[in-house]
$ cat model.cif   # mmCIF, C-alpha atoms
data_model
loop_
_atom_site.label_atom_id
_atom_site.label_comp_id
_atom_site.auth_asym_id
_atom_site.auth_seq_id
_atom_site.Cartn_x
_atom_site.Cartn_y
_atom_site.Cartn_z
CA MET A 30 169.52 172.20 10.39
CA LEU A 31 169.83 168.55 11.34
CA GLN A 32 170.75 166.92 8.03
CA GLN A 33 169.98 163.63 6.31
CA ARG A 34 172.81 161.10 5.98
CA THR A 35 174.03 158.66 3.37
CA LEU A 36 177.33 156.93 2.59
CA LYS A 37 180.39 158.67 1.16
CA SER A 38 181.26 155.67 -1.04
CA LEU A 39 180.00 152.19 -1.78
CA THR A 40 181.02 149.11 0.17
CA ARG A 41 180.54 145.38 -0.38
CA ALA A 42 180.21 142.14 1.58
CA VAL A 43 179.79 138.46 0.72
CA GLY A 44 178.21 135.89 3.00
CA VAL A 45 175.46 133.30 3.37
CA GLY A 46 171.83 133.65 4.37
CA LEU A 47 171.02 132.40 7.87
CA HIS A 48 167.88 130.56 6.79
CA SER A 49 168.48 129.94 3.07
CA GLY A 50 172.15 128.96 3.33
CA GLN A 51 172.62 130.67 -0.07
CA ARG A 52 175.74 132.62 -0.97
CA VAL A 53 174.85 136.30 -1.37
CA GLU A 54 176.67 139.46 -2.37
CA LEU A 55 175.68 142.77 -0.84
CA THR A 56 176.58 146.21 -2.20
CA LEU A 57 175.71 149.27 -0.11
CA ARG A 58 175.56 152.47 -2.17
CA PRO A 59 174.94 156.16 -1.48
CA ALA A 60 171.49 157.54 -2.35
CA GLN A 61 170.08 161.01 -2.95
CA PRO A 62 168.20 162.92 -0.23
CA ASP A 63 164.66 161.68 0.45
CA THR A 64 165.35 158.34 -1.25
CA GLY A 65 165.04 156.38 1.97
CA ILE A 66 166.52 152.90 2.25
CA VAL A 67 165.83 150.79 -0.82
CA PHE A 68 166.69 147.12 -1.24
CA ARG A 69 167.30 146.12 -4.85
CA ARG A 70 167.19 142.51 -6.08
CA VAL A 71 169.83 142.76 -8.81
CA ASP A 72 169.85 138.98 -9.48
CA LEU A 73 166.42 139.01 -11.13
CA PRO A 74 165.96 139.32 -14.94
CA GLN A 75 164.64 142.83 -14.29
CA PRO A 76 166.01 144.31 -11.03
CA VAL A 77 163.25 145.06 -8.52
CA ASP A 78 163.40 147.88 -5.97
CA ILE A 79 161.87 147.22 -2.55
CA PRO A 80 161.65 150.48 -0.55
CA ILE A 81 161.36 149.91 3.19
CA SER A 82 158.05 150.65 4.89
CA ALA A 83 155.94 149.11 7.62
CA THR A 84 153.54 147.77 4.99
CA ALA A 85 156.37 146.27 2.91
CA VAL A 86 156.85 143.68 5.68
CA THR A 87 155.09 140.52 4.49
CA ASP A 88 156.55 137.74 6.66
CA THR A 89 157.78 137.81 10.26
CA ARG A 90 158.55 134.13 10.94
CA LEU A 91 161.95 134.19 12.72
CA ALA A 92 162.99 137.29 10.74
CA SER A 93 161.57 140.36 8.98
CA THR A 94 160.90 139.92 5.26
CA ILE A 95 160.04 142.78 2.91
CA SER A 96 158.59 142.39 -0.56
CA HIS A 97 157.37 144.27 -3.61
CA GLY A 98 155.97 142.99 -6.88
CA GLY A 99 156.70 139.36 -6.05
CA ALA A 100 160.35 140.02 -5.13
CA LYS A 101 161.40 139.43 -1.51
CA VAL A 102 164.33 140.07 0.80
CA HIS A 103 164.48 138.08 4.04
CA THR A 104 166.24 138.85 7.34
CA VAL A 105 166.67 142.60 6.87
CA GLU A 106 166.56 143.49 10.59
CA HIS A 107 170.28 143.35 11.47
CA LEU A 108 171.29 145.62 8.58
CA MET A 109 168.36 147.93 9.35
CA SER A 110 169.46 148.05 12.99
CA ALA A 111 172.95 149.15 11.94
CA CYS A 112 171.47 151.85 9.68
CA ALA A 113 169.37 153.12 12.58
CA GLY A 114 172.36 153.01 14.92
CA LEU A 115 174.42 155.16 12.55
CA GLY A 116 171.54 157.47 11.62
CA LEU A 117 171.55 156.62 7.91
CA ASP A 118 168.53 157.95 6.01
CA ASN A 119 169.31 157.17 2.36
CA LEU A 120 170.88 154.01 1.02
CA TYR A 121 170.65 151.52 -1.84
CA VAL A 122 171.16 147.89 -0.85
CA ASP A 123 171.94 145.81 -3.95
CA ILE A 124 171.53 142.12 -3.18
CA THR A 125 172.11 139.02 -5.35
CA ALA A 126 169.77 136.61 -3.52
CA GLU A 127 166.63 136.74 -1.43
CA GLU A 128 168.26 136.92 2.01
CA VAL A 129 170.65 139.42 3.61
CA PRO A 130 173.88 137.64 4.65
CA ILE A 131 173.99 136.79 8.34
CA LEU A 132 177.75 137.52 8.64
CA ASP A 133 178.56 137.06 12.38
CA GLY A 134 174.91 137.00 13.52
CA SER A 135 174.92 140.54 14.91
CA ALA A 136 174.84 144.08 13.47
CA ALA A 137 178.54 144.70 14.16
CA SER A 138 179.78 143.68 10.70
CA PHE A 139 177.22 145.97 9.07
CA VAL A 140 178.28 148.84 11.34
CA TYR A 141 181.88 148.23 10.29
CA LEU A 142 180.94 148.15 6.58
CA LEU A 143 178.92 151.34 6.79
CA GLN A 144 181.52 153.21 8.81
CA SER A 145 184.29 152.08 6.47
CA ALA A 146 182.37 153.67 3.58
CA GLY A 147 182.04 156.89 5.58
CA ILE A 148 178.94 158.85 6.58
CA ALA A 149 178.08 161.89 4.42
CA LEU A 150 175.77 164.73 5.50
CA GLN A 151 173.26 165.86 2.85
CA ASN A 152 171.63 169.20 2.14
CA ALA A 153 168.15 168.17 3.26
CA PRO A 154 166.44 168.13 6.67
CA LYS A 155 166.37 164.85 8.57
CA ARG A 156 162.75 163.94 9.34
CA PHE A 157 161.52 162.01 12.35
CA ILE A 158 158.28 160.36 13.38
CA ARG A 159 157.52 161.83 16.79
CA VAL A 160 155.08 159.84 18.90
CA ILE A 161 152.66 162.18 20.71
CA LYS A 162 150.17 159.64 22.14
CA PRO A 163 150.76 156.13 23.53
CA VAL A 164 150.23 153.20 21.19
CA GLU A 165 150.23 149.59 22.35
CA VAL A 166 149.64 146.10 20.96
CA ARG A 167 149.05 143.02 23.12
CA GLU A 168 148.53 139.29 22.75
CA GLY A 169 147.60 136.55 25.21
CA GLU A 170 146.84 136.58 28.91
CA GLY A 171 148.71 135.65 32.10
CA LYS A 172 151.87 133.65 31.45
CA ASN A 173 151.20 133.81 27.71
CA ALA A 174 150.99 137.60 27.60
CA LYS A 175 153.28 139.62 25.36
CA TRP A 176 153.14 143.26 24.40
CA ALA A 177 154.93 146.20 22.78
CA ARG A 178 154.33 149.90 23.31
CA LEU A 179 155.41 153.36 22.14
CA ASP A 180 155.18 156.39 24.44
CA PRO A 181 156.05 160.05 23.85
CA TYR A 182 159.70 160.85 24.59
CA HIS A 183 162.09 163.58 23.42
CA GLY A 184 164.67 161.17 22.04
CA TYR A 185 164.68 157.44 21.42
CA LYS A 186 165.00 154.84 24.13
CA LEU A 187 164.11 151.16 24.30
CA SER A 188 163.45 148.72 27.11
CA PHE A 189 162.92 145.01 26.54
CA GLU A 190 162.27 142.03 28.76
CA ILE A 191 162.52 138.39 27.71
CA GLU A 192 161.49 135.24 29.52
CA PHE A 193 163.19 132.04 28.43
CA ASP A 194 163.04 129.01 30.71
CA HIS A 195 166.60 127.89 30.01
CA PRO A 196 169.55 127.66 32.44
CA ALA A 197 171.96 129.57 30.19
CA VAL A 198 169.51 132.42 29.62
CA ASN A 199 168.32 132.47 33.25
CA ALA A 200 171.92 133.05 34.32
CA THR A 201 172.03 136.34 32.38
CA GLY A 202 170.11 139.60 32.51
CA GLN A 203 166.69 139.24 30.90
CA ARG A 204 165.80 142.93 30.88
CA VAL A 205 167.74 145.81 29.36
CA GLU A 206 167.24 149.50 28.64
CA PHE A 207 169.12 151.47 26.00
CA ASP A 208 168.96 155.17 25.16
CA PHE A 209 170.19 156.37 21.76
CA GLY A 210 171.22 159.60 23.44
CA SER A 211 174.20 157.72 24.90
CA GLY A 212 175.82 157.39 21.47
CA GLN A 213 176.86 153.86 22.45
CA TYR A 214 174.91 151.73 19.95
CA ALA A 215 178.03 150.30 18.29
CA ARG A 216 179.65 149.45 21.61
CA GLU A 217 176.67 148.34 23.71
CA ILE A 218 174.15 146.79 21.28
CA ALA A 219 175.58 146.05 17.80
CA ARG A 220 177.71 143.03 18.80
CA ALA A 221 174.83 141.01 20.29
CA ARG A 222 174.29 137.84 18.22
CA THR A 223 171.16 135.95 17.31
CA PHE A 224 170.62 132.78 19.33
CA GLY A 225 168.96 129.41 19.05
CA PHE A 226 168.59 125.98 20.60
CA THR A 227 169.89 122.67 19.24
CA ARG A 228 166.49 121.10 20.03
CA ASP A 229 164.89 123.43 17.46
CA VAL A 230 167.45 123.03 14.68
CA GLU A 231 166.12 119.77 13.22
CA MET A 232 162.57 121.13 13.07
CA MET A 233 163.71 124.42 11.55
CA ARG A 234 165.83 122.76 8.88
CA ALA A 235 162.96 120.43 7.99
CA ASN A 236 161.02 123.63 7.26
CA GLY A 237 163.81 125.13 5.15
CA LEU A 238 165.07 127.44 7.90
CA ALA A 239 168.45 127.93 9.63
CA LEU A 240 170.23 126.22 6.72
CA GLY A 241 173.14 128.67 7.04
CA GLY A 242 173.26 128.85 10.83
CA GLY A 243 176.14 127.66 13.01
CA LEU A 244 178.47 128.51 15.86
CA ASP A 245 180.23 131.17 13.76
CA ASN A 246 177.07 133.26 13.32
CA ALA A 247 174.83 132.50 16.30
CA ILE A 248 174.80 131.67 19.98
CA VAL A 249 173.82 128.00 20.11
CA MET A 250 172.58 126.27 23.26
CA ASP A 251 171.83 122.68 24.14
CA ASP A 252 169.46 121.91 27.04
CA VAL A 253 171.78 123.37 29.70
CA LYS A 254 174.60 125.53 28.32
CA VAL A 255 176.04 127.76 25.60
CA LEU A 256 178.03 125.68 23.11
CA ASN A 257 180.13 128.53 21.64
CA ALA A 258 183.74 128.14 22.78
CA ASP A 259 184.18 131.89 23.25
CA GLY A 260 181.04 132.27 25.40
CA LEU A 261 178.98 135.47 25.39
CA ARG A 262 180.03 138.92 24.18
CA TYR A 263 177.85 140.68 26.78
CA SER A 264 176.63 139.38 30.13
CA ASP A 265 173.09 140.10 28.88
CA GLU A 266 173.66 139.29 25.18
CA PHE A 267 170.35 137.46 24.71
CA VAL A 268 168.10 140.37 25.61
CA LYS A 269 170.46 142.84 23.92
CA HIS A 270 169.97 140.95 20.68
CA LYS A 271 166.22 141.36 21.08
CA ILE A 272 166.78 145.13 21.42
CA LEU A 273 169.01 145.02 18.32
CA ASP A 274 166.22 143.26 16.39
CA ALA A 275 163.60 145.71 17.64
CA ILE A 276 165.71 148.68 16.52
CA GLY A 277 165.91 147.16 13.04
CA ASP A 278 162.25 146.17 12.90
CA LEU A 279 161.09 149.62 13.99
CA TYR A 280 163.36 151.41 11.50
CA LEU A 281 161.37 149.73 8.74
CA VAL A 282 158.79 152.48 9.32
CA GLY A 283 161.07 154.56 7.08
CA LYS A 284 162.12 157.33 9.47
CA PRO A 285 163.78 157.41 12.89
CA LEU A 286 161.35 157.40 15.80
CA LEU A 287 161.23 159.88 18.64
CA ALA A 288 159.62 157.70 21.27
CA ALA A 289 160.09 155.39 24.22
CA TYR A 290 159.64 151.77 23.12
CA SER A 291 158.97 149.12 25.74
CA ALA A 292 158.24 145.46 25.18
CA TYR A 293 157.75 142.15 26.94
CA ARG A 294 158.38 138.96 24.95
CA SER A 295 157.84 140.84 21.68
CA GLY A 296 159.28 139.76 18.34
CA HIS A 297 159.32 140.63 14.64
CA ALA A 298 155.56 140.14 14.17
CA MET A 299 154.54 142.25 17.15
CA ASN A 300 157.06 144.98 16.32
CA ASN A 301 155.50 145.31 12.88
CA GLN A 302 151.99 145.25 14.35
CA LEU A 303 153.06 148.12 16.59
CA LEU A 304 154.23 150.20 13.60
CA ARG A 305 150.99 149.52 11.74
CA ALA A 306 148.96 150.45 14.82
CA LEU A 307 150.90 153.73 15.07
CA LEU A 308 150.39 154.61 11.40
CA ALA A 309 146.67 153.79 11.69
CA ARG A 310 146.36 156.59 14.25
CA PRO A 311 147.32 159.92 12.64
CA ASP A 312 146.55 161.64 15.96
CA ALA A 313 149.31 159.63 17.68
CA TYR A 314 152.30 160.95 15.73
CA GLU A 315 153.68 163.84 13.69
CA ILE A 316 156.53 164.27 11.20
CA VAL A 317 159.12 166.75 12.46
CA ASP A 318 162.56 168.09 11.61
CA PHE A 319 164.96 170.36 13.48
CA GLU A 320 165.94 173.68 11.94
CA HIS A 321 168.60 174.14 14.61
CA ARG A 322 170.75 171.23 15.72
CA SER A 323 170.46 172.39 19.32
CA GLN A 324 166.74 171.53 19.22
CA ALA A 325 167.41 167.87 18.44
CA PRO A 326 167.48 165.29 21.25
CA GLN A 327 170.87 164.44 22.70
CA GLY A 328 172.82 162.01 20.55
CA PHE A 329 171.10 162.81 17.25
CA ALA A 330 173.05 165.86 16.09
CA GLU A 331 176.34 164.11 15.35
CA PRO A 332 177.06 160.97 13.30
CA ALA A 333 177.60 157.99 15.60
CA PRO A 334 181.21 157.64 16.77
CA ALA A 335 183.42 154.83 15.52
CA TRP A 336 184.22 151.87 17.79
#
$ encode --input "model.cif" --output "structure tokens"
Amino acid sequence: MLQQRTLKSLTRAVGVGLHSGQRVELTLRPAQPDTGIVFRRVDLPQPVDIPISATAVTDTRLASTISHGGAKVHTVEHLMSACAGLGLDNLYVDITAEEVPILDGSAASFVYLLQSAGIALQNAPKRFIRVIKPVEVREGEGKNAKWARLDPYHGYKLSFEIEFDHPAVNATGQRVEFDFGSGQYAREIARARTFGFTRDVEMMRANGLALGGGLDNAIVMDDVKVLNADGLRYSDEFVKHKILDAIGDLYLVGKPLLAAYSAYRSGHAMNNQLLRALLARPDAYEIVDFEHRSQAPQGFAEPAPAW
């Protein structure tokens, strides 16, 4: 059978939150089959577990926030993206503050942490959410339109298109497609960093956001150019980061999807709306596993390769 996956050993990281600027320690620990991915606020007087789910998402302003019983964890999408990219099903995430560390602004550091701990196969079937009818959410009309959609597909592929009226972004690809069957998540997607504009920084910081952001953990642009001395990691890094975010946002549903995701100008809020729309339609999906590995879509039978 196609088996669930966890870590072989625990691994740790220390960093700062992108928006809070707070120092935070992260410990990633193995978990038993069928545990799922559980964030644990260990800094509180009584530790609080926050299991991931589409309905655990309670704030989507500039990041995905999950909460339970008054405890919150902000900016979970990059770590969740790495977990999806490596096919991890079960994991405890012990965290000492309310925001996941931003590290280098991408999912690459999380991929490295998880791979350094090792991926262990477990004696339980890996379960998927297979989309069997299209589901779509939309907002706005004309130039203000944005949408996200899931269609049936034997595998998992994503296509995303952005539209930023900025010289530095216009000079790059604004549409990208990625298929998990390629096994190239770590190489092609994970290194894409979050990005922002200097014109927005003052406003964001006045609202208590981006307090930990800088050139070492984000692509920063003024009105005409990228300010990072080392430039871009990919020629289409901006839209690839939006794919990276979408992978993390969608994995908050709690199981890997078998679907084709497509989106235009979507973001954290719309990605979560799409998951909720899917779950509200029991006729649009089914839970499946694969008794024989040969039945699984290409790229899902083996743990993701190292760099």
$ closest_atom_pairs --input "model.cif" --of "range 234-329 of chain A" --to "range 152-173 of chain A" --cutoff "6 Å" --atoms "all atoms listed in the file" --output "JSON lines"
{"residue": "A:Lys284", "atom": "CA", "partner": "A:Phe157", "partner_atom": "CA", "distance": 5.5}
{"residue": "A:Pro285", "atom": "CA", "partner": "A:Phe157", "partner_atom": "CA", "distance": 5.2}
{"residue": "A:Leu286", "atom": "CA", "partner": "A:Ile158", "partner_atom": "CA", "distance": 4.9}
{"residue": "A:Leu287", "atom": "CA", "partner": "A:Arg159", "partner_atom": "CA", "distance": 4.6}
{"residue": "A:Ala288", "atom": "CA", "partner": "A:Val160", "partner_atom": "CA", "distance": 5.6}
{"residue": "A:Leu303", "atom": "CA", "partner": "A:Val166", "partner_atom": "CA", "distance": 5.9}
{"residue": "A:Ala313", "atom": "CA", "partner": "A:Lys162", "partner_atom": "CA", "distance": 4.5}
{"residue": "A:Tyr314", "atom": "CA", "partner": "A:Val160", "partner_atom": "CA", "distance": 4.4}
{"residue": "A:Glu315", "atom": "CA", "partner": "A:Arg159", "partner_atom": "CA", "distance": 5.3}
{"residue": "A:Ile316", "atom": "CA", "partner": "A:Ile158", "partner_atom": "CA", "distance": 4.8}
{"residue": "A:Val317", "atom": "CA", "partner": "A:Phe157", "partner_atom": "CA", "distance": 5.3}
{"residue": "A:Asp318", "atom": "CA", "partner": "A:Arg156", "partner_atom": "CA", "distance": 4.7}
$ resolve_selection --input "model.cif" --expression "the PyMOL selection byres ((chain A and resi 142) around 12)" --output "MDAnalysis selection string"
chainID A and resid 36:43 55:58 108 111:112 115 132 136:141 143:148 335
$ closest_residue --input "model.cif" --among "A:Ile66, A:Ile218, A:Val205, A:Met299" --to "Asp278 in chain A" --atoms "only C-alpha atoms"
A:Met299
$ residues_near_point --input "model.cif" --point "(169.0, 157.0, 28.0)" --cutoff "7 Å" --atoms "only C-alpha atoms" --output "list in words"
Lys186, Phe207, Asp208, Phe209, Gly210 and Ser211 of chain A
$ closest_residue --input "model.cif" --among "A:Arg178, A:Thr125, A:Val253, A:Thr104" --to "Asp88 in chain A" --atoms "all atoms listed in the file"
A:Thr104
$ closest_residue --input "model.cif" --among "A:Leu256, A:Ala126, A:Ala330, A:Leu120" --to "Arg52 in chain A" --atoms "only C-alpha atoms"
A:Ala126
$ residues_around --input "model.cif" --residues "Ala247 in chain A" --least-positions-apart "4" --cutoff "12 Å" --atoms "all atoms listed in the file" --output "PyMOL selection string"
chain A and resi 47-48+131-136+220-227+239+241-243+255-262+266-267+270
$ resolve_selection --input "model.cif" --expression "the PyMOL selection byres ((chain A and resi 280) around 9)" --output "PyMOL selection string"
chain A and resi 81-83+106+109-110+112-113+275-279+281-286
$ closest_residue --input "model.cif" --among "A:Ala235, A:Val105, A:Ala292, A:Val67" --to "Ile191 in chain A" --atoms "only C-alpha atoms"
A:Ala292
$ residues_near_point --input "model.cif" --point "(163.7, 142.4, -9.7)" --cutoff "12 Å" --atoms "all atoms listed in the file" --output "PyMOL selection string"
chain A and resi 68-79+96-102+123-127
$ atom_distance --input "model.cif" --atom1 "CA of Asp251 in chain A" --atom2 "CA of Ser295 in chain A"
23.1 Å
$ resolve_selection --input "model.cif" --expression "the PyMOL selection byres ((chain A and resi 204) around 12)" --output "list in words"
Leu187, Ser188, Phe189, Glu190, Ile191, Glu192, Phe193, Val198, Asn199, Thr201, Gly202, Gln203, Val205, Glu206, Phe207, Ser264, Asp265, Glu266, Phe267, Val268, Lys269, His270, Lys271, Ile272, Ser291, Ala292, Tyr293 and Arg294 of chain A
$ atom_distance --input "model.cif" --atom1 "CA of Ala200 in chain A" --atom2 "CA of Glu217 in chain A"
19.2 Å
$ closest_residue --input "model.cif" --among "A:Ala149, A:Met233, A:Val86, A:Ile95" --to "Leu117 in chain A" --atoms "only C-alpha atoms"
A:Ala149
$ atom_distance --input "model.cif" --atom1 "CA of Ala289 in chain A" --atom2 "CA of Ala85 in chain A"
23.5 Å
$ closest_residue --input "model.cif" --among "A:Asn236, A:Gln151, A:Leu273, A:Val45" --to "Ala215 in chain A" --atoms "all atoms listed in the file"
A:Leu273
$ residues_around --input "model.cif" --residues "Gln61 in chain A" --least-positions-apart "2" --cutoff "7 Å" --atoms "only C-alpha atoms" --output "ChimeraX atom specification"
/A:63-64,119
$ write_last_selection --input "model.cif" --atoms "C-alpha atoms" --output "mmCIF file, keeping the file's coordinate frame"
data_model
loop_
_atom_site.group_PDB
_atom_site.id
_atom_site.type_symbol
_atom_site.label_atom_id
_atom_site.label_comp_id
_atom_site.auth_asym_id
_atom_site.auth_seq_id
_atom_site.Cartn_x
_atom_site.Cartn_y
_atom_site.Cartn_z
ATOM 1 C CA ASP A 63 164.660 161.680 0.450
ATOM 2 C CA THR A 64 165.350 158.340 -1.250
ATOM 3 C CA ASN A 119 169.310 157.170 2.360
#
